[in-house]
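Structure, as structure tokens:
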Amino acid sequence: MNNDICKWYPVCPMKWFFENGKLDGKWVNDYCFSDWTECVRYEMEESGKYHPDNMLPDGKIDERLQY
Ligand code: SF4
């Protein structure tokens, strides 16, 4: 655990989905604002692997997440 915000947060689709009422706050609280080292999106971002915008921090796809 740490108290920093994930460095990807400003550009992460999870931020947009959260701020537009499409994503439960537990995701950003549990990952983006705390345990981002556990985030699958973070890992894939760091290693340059493709991941869809509707993939949750735990790696599951949420088809309801749409722009
Ligand atoms: S979803 Fe993952 S990569 Fe995106 S801001 Fe949150 S912790 Fe970082």
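In the structure tokens, each chain is lettered A, B, ... as it comes, each chain's residues begin at 1, and ligands are numbered from 1 in order of appearance.
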Please give me, as number ranges by chain, the residues lying within 7 Å of ligand 1 when counting only C-alpha atoms and all ligand atoms. A: 6-9, 12-15, 28, 31-32, 36, 39-42, 45, 56-57
Expected file contents, prior selection, N, CA, C and O atoms, as a PDB file, in the first residue's frame:
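The result, written out as result.pdb:
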ATOM      1  N   CYS A   6      -1.901   6.824  -8.644  1.00  0.00           N
ATOM      2  CA  CYS A   6      -1.244   6.192  -9.789  1.00  0.00           C
ATOM      3  C   CYS A   6      -0.831   7.248 -10.816  1.00  0.00           C
ATOM      4  O   CYS A   6      -1.595   8.150 -11.147  1.00  0.00           O
ATOM      5  N   LYS A   7       0.356   7.098 -11.355  1.00  0.00           N
ATOM      6  CA  LYS A   7       0.861   8.094 -12.314  1.00  0.00           C
ATOM      7  C   LYS A   7       0.048   8.124 -13.602  1.00  0.00           C
ATOM      8  O   LYS A   7       0.078   9.106 -14.339  1.00  0.00           O
ATOM      9  N   TRP A   8      -0.673   7.044 -13.895  1.00  0.00           N
ATOM     10  CA  TRP A   8      -1.469   6.987 -15.115  1.00  0.00           C
ATOM     11  C   TRP A   8      -2.856   7.596 -14.939  1.00  0.00           C
ATOM     12  O   TRP A   8      -3.599   7.739 -15.915  1.00  0.00           O
ATOM     13  N   TYR A   9      -3.217   7.930 -13.720  1.00  0.00           N
ATOM     14  CA  TYR A   9      -4.589   8.361 -13.455  1.00  0.00           C
ATOM     15  C   TYR A   9      -5.070   9.496 -14.367  1.00  0.00           C
ATOM     16  O   TYR A   9      -6.193   9.430 -14.884  1.00  0.00           O
ATOM     17  N   CYS A  12      -6.002   7.863 -17.605  1.00  0.00           N
ATOM     18  CA  CYS A  12      -6.603   6.524 -17.570  1.00  0.00           C
ATOM     19  C   CYS A  12      -8.113   6.583 -17.848  1.00  0.00           C
ATOM     20  O   CYS A  12      -8.809   7.437 -17.304  1.00  0.00           O
ATOM     21  N   PRO A  13      -8.620   5.668 -18.675  1.00  0.00           N
ATOM     22  CA  PRO A  13     -10.065   5.650 -18.922  1.00  0.00           C
ATOM     23  C   PRO A  13     -10.880   5.411 -17.655  1.00  0.00           C
ATOM     24  O   PRO A  13     -12.036   5.826 -17.590  1.00  0.00           O
ATOM     25  N   MET A  14     -10.288   4.769 -16.644  1.00  0.00           N
ATOM     26  CA  MET A  14     -11.031   4.560 -15.396  1.00  0.00           C
ATOM     27  C   MET A  14     -11.379   5.895 -14.739  1.00  0.00           C
ATOM     28  O   MET A  14     -12.421   6.040 -14.116  1.00  0.00           O
ATOM     29  N   LYS A  15     -10.512   6.879 -14.879  1.00  0.00           N
ATOM     30  CA  LYS A  15     -10.791   8.226 -14.353  1.00  0.00           C
ATOM     31  C   LYS A  15     -12.009   8.807 -15.063  1.00  0.00           C
ATOM     32  O   LYS A  15     -12.924   9.321 -14.416  1.00  0.00           O
ATOM     33  N   VAL A  28     -11.518   3.126  -8.125  1.00  0.00           N
ATOM     34  CA  VAL A  28     -10.464   4.146  -8.042  1.00  0.00           C
ATOM     35  C   VAL A  28      -9.904   4.243  -6.622  1.00  0.00           C
ATOM     36  O   VAL A  28      -8.710   4.473  -6.430  1.00  0.00           O
ATOM     37  N   TYR A  31      -7.687   0.989  -6.123  1.00  0.00           N
ATOM     38  CA  TYR A  31      -6.522   0.864  -6.998  1.00  0.00           C
ATOM     39  C   TYR A  31      -5.844   2.211  -7.254  1.00  0.00           C
ATOM     40  O   TYR A  31      -4.745   2.447  -6.751  1.00  0.00           O
ATOM     41  N   CYS A  32      -6.485   3.081  -7.998  1.00  0.00           N
ATOM     42  CA  CYS A  32      -5.840   4.322  -8.451  1.00  0.00           C
ATOM     43  C   CYS A  32      -5.314   5.190  -7.303  1.00  0.00           C
ATOM     44  O   CYS A  32      -4.242   5.787  -7.409  1.00  0.00           O
ATOM     45  N   TRP A  36      -2.228   0.840  -6.488  1.00  0.00           N
ATOM     46  CA  TRP A  36      -2.114   0.770  -7.951  1.00  0.00           C
ATOM     47  C   TRP A  36      -1.067  -0.230  -8.431  1.00  0.00           C
ATOM     48  O   TRP A  36      -1.095  -0.656  -9.580  1.00  0.00           O
ATOM     49  N   CYS A  39      -2.738  -3.165  -9.868  1.00  0.00           N
ATOM     50  CA  CYS A  39      -3.640  -2.968 -11.000  1.00  0.00           C
ATOM     51  C   CYS A  39      -3.111  -3.653 -12.265  1.00  0.00           C
ATOM     52  O   CYS A  39      -1.964  -3.445 -12.658  1.00  0.00           O
ATOM     53  N   VAL A  40      -3.970  -4.431 -12.882  1.00  0.00           N
ATOM     54  CA  VAL A  40      -3.587  -5.124 -14.114  1.00  0.00           C
ATOM     55  C   VAL A  40      -3.373  -4.114 -15.248  1.00  0.00           C
ATOM     56  O   VAL A  40      -2.463  -4.264 -16.067  1.00  0.00           O
ATOM     57  N   ARG A  41      -4.204  -3.074 -15.272  1.00  0.00           N
ATOM     58  CA  ARG A  41      -4.036  -2.027 -16.281  1.00  0.00           C
ATOM     59  C   ARG A  41      -2.654  -1.392 -16.154  1.00  0.00           C
ATOM     60  O   ARG A  41      -1.969  -1.128 -17.146  1.00  0.00           O
ATOM     61  N   TYR A  42      -2.281  -1.108 -14.915  1.00  0.00           N
ATOM     62  CA  TYR A  42      -0.982  -0.489 -14.652  1.00  0.00           C
ATOM     63  C   TYR A  42       0.144  -1.374 -15.187  1.00  0.00           C
ATOM     64  O   TYR A  42       1.050  -0.891 -15.885  1.00  0.00           O
ATOM     65  N   GLU A  45       0.174  -1.322 -18.928  1.00  0.00           N
ATOM     66  CA  GLU A  45       0.622  -0.011 -19.405  1.00  0.00           C
ATOM     67  C   GLU A  45       2.150   0.068 -19.326  1.00  0.00           C
ATOM     68  O   GLU A  45       2.817   0.494 -20.268  1.00  0.00           O
ATOM     69  N   LEU A  56     -11.200  -3.540 -16.396  1.00  0.00           N
ATOM     70  CA  LEU A  56     -11.128  -3.060 -15.011  1.00  0.00           C
ATOM     71  C   LEU A  56      -9.740  -3.290 -14.418  1.00  0.00           C
ATOM     72  O   LEU A  56      -8.949  -4.084 -14.952  1.00  0.00           O
ATOM     73  N   PRO A  57      -9.434  -2.618 -13.315  1.00  0.00           N
ATOM     74  CA  PRO A  57      -8.129  -2.797 -12.668  1.00  0.00           C
ATOM     75  C   PRO A  57      -7.802  -4.239 -12.306  1.00  0.00           C
ATOM     76  O   PRO A  57      -6.628  -4.599 -12.189  1.00  0.00           O
TER      77      PRO A  57
END
For region 20-22 of chain A, find every residue with an atom within 10 Å (counting only C-alpha atoms), except residues of its own chain fewer than 3 positions away, and show them as number ranges by chain. A: 14-17, 25, 64-67
Pick from A:Thr37, A:Val11, A:Leu23, A:Asp4: nearest to Met55 (chain A), with only C-alpha atoms counted?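 When distances to Met55 (chain A) are compared using only C-alpha atoms, the smallest one comes from A:Leu23.
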Provide the CA of Lys26 (chain A) to CA of Asp58 (chain A) distance in Å, to one decimal place.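 Rounded to one decimal, the two atoms are 12.0 Å apart.
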Find the distance between CA of Glu19 (chain A) and CA of His51 (chain A) and write it in Å to one decimal.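 Separating CA of Glu19 (chain A) from CA of His51 (chain A) is a distance of 20.5 Å.
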Check the DSSP output for the backbone and give back, as number ranges by chain, the residues of chain A in alpha helix (DSSP H). A: 13-19, 25-27, 40-46
